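Reviewing the structure listed below.
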Amino acid sequence: MATLAVAPAQVVTPDAVRRALDVVFDPELDEPITDLGFVRSVDIGGRDLEVHLRLPTSFCSPNFAYLMASDSQDALRALPGVGRVVVELDDHHDSAIINHGLATDAGYRGTFRHEAEDSLDGLRRTFQVKAHTAAMERCLTALLRADATLEESALGRVVLGDLPAGPEKDSLLRRRTTLGLGCHPSAPVLVDEHGVGYEPDQVPLALRRARSTRISIDGNAHFCRGLLRTRYPGSEDDQTRRVDGEEPSDPTFIPLTALLSGPTKEPTP
Amino acid sequence: MYSKDGENYFIVDAHVALWDARPENIKNVQGQQFIDCFYDYHRNLSPESEVWSMEDYAYQGGERLMKDLFTDGYVDHAIFQPAHLGEFYHRGFGQTEEASALAAKHPDKLTYNHNFDPRNGEAGLDELRADAERFGLRGAKLYTAEWHGESRGWKLDDPMAYRYFELCRELGITNIHIHKGPTIRPLDRDAFDVADVDHVATDFTDLNFVVEHVGLPRLEDFCWIATQEPNVHGGLAVAMPFIHTRPRYFAQIIGELLYWIGEDRIQFSSDYALWTPRWLIEKFVDFQIPADMTEYAPITADQKKKILGLNAAKMYDIEVPAELRLPEADETQTGPRQPEAADLASV
């Protein structure tokens, strides 16, 4: 019964802390901070927690940095049995401002004072829309690649029920839910953030725009991961593989030829 | 000039700097963090053989710059685009005196652009007049994420910025290079938002707006704005080195740019001293869009020639030998180029 013996001293486990942080996303890169390697350390003393976060550069946008740090604090405070929660952002040009704001529960406006106007809800929404756009493009481009007879202009008629099951579809459904778009199988796939579709002659341009969004997110995600590895040697051990936009230079890259069976995705669409 | 396989390329490096980030010039922790961030970019994206020590990286000096660009680097003409960063460095980051003196000594090889900051108000307008006369300015480099007292960023469509653009128009400073760093104002919005470029480009159609690092990390927003504004151009600073570590991403950047803004509005730069031009030029001339990316047409030698030098030479009236010139593509002023290349359906 050794595990029970430590339970009273340590209510929360490091694993539970990291799992709680899985729900905290980098809004711009559309990935959990735990997959990106942004969680630098987790210290547990009895019921109390101290978590340090790190970012790829000192000059990462402070509003995103604040969002991730305050979302982390919220997620950790919701852990059952937890006591005092300290979240600190390390090595950022605004570390002092953000850490003070978190420690005093100052909120966004209290933290950034004259530089904050209202809230970060609009910013969050901007990137939820981009994440949905990219997920939509991945699904539709996969359909095009799988079916040579499918016309690009016909993509406006594709509905959710037409998409094969898999991680790309799951990802799209999650992002639709976030935007409140609903996930009925008869719902069209190619829609704007309000769920409105496109006329056939507008479809190719809508797809091209969506593609540029997807390229941008994938490119940023890999560049930021790479910068984190350069800045914090060893941080690659804390990063999970990102298939979208992956290239041979990535430490987690697995050549397609090495994947013998099972559900796989192309490294780059 | 660079020559390979019977093709000759006239090279304009449209974004270079002569900076000083040595310890004695660093004012505060942010100054150290800024050069550390640049150095991580350098280490992360360079081939191993091209990585410098931090000591070399902090300061190059004029002699080293001339060697890296012109002796070793194939460059025919380079344009200084200095960032001031007066809140981070005692004597500023970009070295005005040294760079402008170097340009005055080698007018055939170097053009000196200077910067301005609308938050300097009326006094800054007078300063801009004086600078235009002193340096013979054709262009300016603007960094919207510059810190300035209590303010940590500005927007191109701020009312005072419009006063500066009106003065630019009057003084013949027609080429406005914009570096969209992580602007803190307004903090509620995306720090890399390029919407303000759209406004100024519409209101100042007689000025060219070169958006450096092609709007990265907001490539898609940049492309969408640039395709609608014929006076918005894309500078490849920071985008170029992806050609080595992330060639597929680089191919997509180039493919998207050729699609949305066309071959006449893209400018090469090494962003020296972030990177050196030699390896970037060699790799770009050898570069091709991967065969499986059928959504993009292959890039041609003529397109590479325009990107590597002819486009910037045209904007700055830099003399190009007659046999190296090329006509402009017969492309639409606005809207996507080569829409026929959107042929994924045929994959």
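Residues in the structure tokens are named by chain (A, B, ... in the order shown) and by number from 1 within that chain; ligands are numbered from 1 in the order shown.
In chain B, the set of residues within 7 Å of chain A (atoms considered: only C-alpha atoms) is Gln30, Gln33, Cys37, Asp40, Tyr41, Asn44, Pro182, Arg185, Pro186, Leu187, Asp188, Arg189, Asp190, Ala191, Pro217, Arg218, Leu219, Glu220, Thr245, Arg246, Tyr249, Glu256, Leu344, Ala345, Ser346 and Val347 of chain B.
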Who sits within 9 Å of range 326-330 of chain B, only C-alpha atoms, same chain under 6 positions skipped, as number ranges by chain: B: 262-264, 302, 305-306, 310
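Within range 166-308 of chain B, residues classed as strand (DSSP E or B) by DSSP on backbone coordinates are Asn175, Ile176, His177, Ile178, His179, Asn208, Phe209, Val210, Val211, Val232, His233, Gly234, Gly235, Ile266 and Gln267 of chain B.
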Sel. of helix (DSSP H, G or I) residues, range 202-256 of chain B, as a ChimeraX atom specification: /B:202-203,212-215,219-226,242-245,247-256
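Closest approach to Arg54 in chain A among A:Val39, A:Val17, A:Cys224, A:Ala106: A:Val39, based on only C-alpha atoms.
When only C-alpha atoms are used to measure the gap to Glu166 in chain B, the shortest distance among B:Asp206, B:Glu282, B:Glu212, B:Glu87 belongs to B:Asp206.
Atom pair CA of Pro27 in chain A / CA of Pro241 in chain B: separated by 25.6 Å.
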Atom-to-atom span, CA of Trp260 in chain B and CA of Gly181 in chain B, Å: 22.5 Å
Contacts of range 283-288 of chain B at 12 Å (only C-alpha atoms; same-chain gap of 4+ positions) as JSON, numbers by chain: {"B": [2, 3, 4, 5, 6, 7, 8, 9, 10, 11, 47, 236, 239, 240, 241, 242, 243, 244, 245, 247, 248, 250, 251, 252, 254, 255, 268, 269, 270, 277, 278, 279, 292, 293, 296, 297, 298, 299, 300, 301, 302, 303, 304, 305, 306, 307, 308]}
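Coordinates place CA of Ile97 in chain A at a distance of 27.0 Å from CA of Arg19 in chain A.
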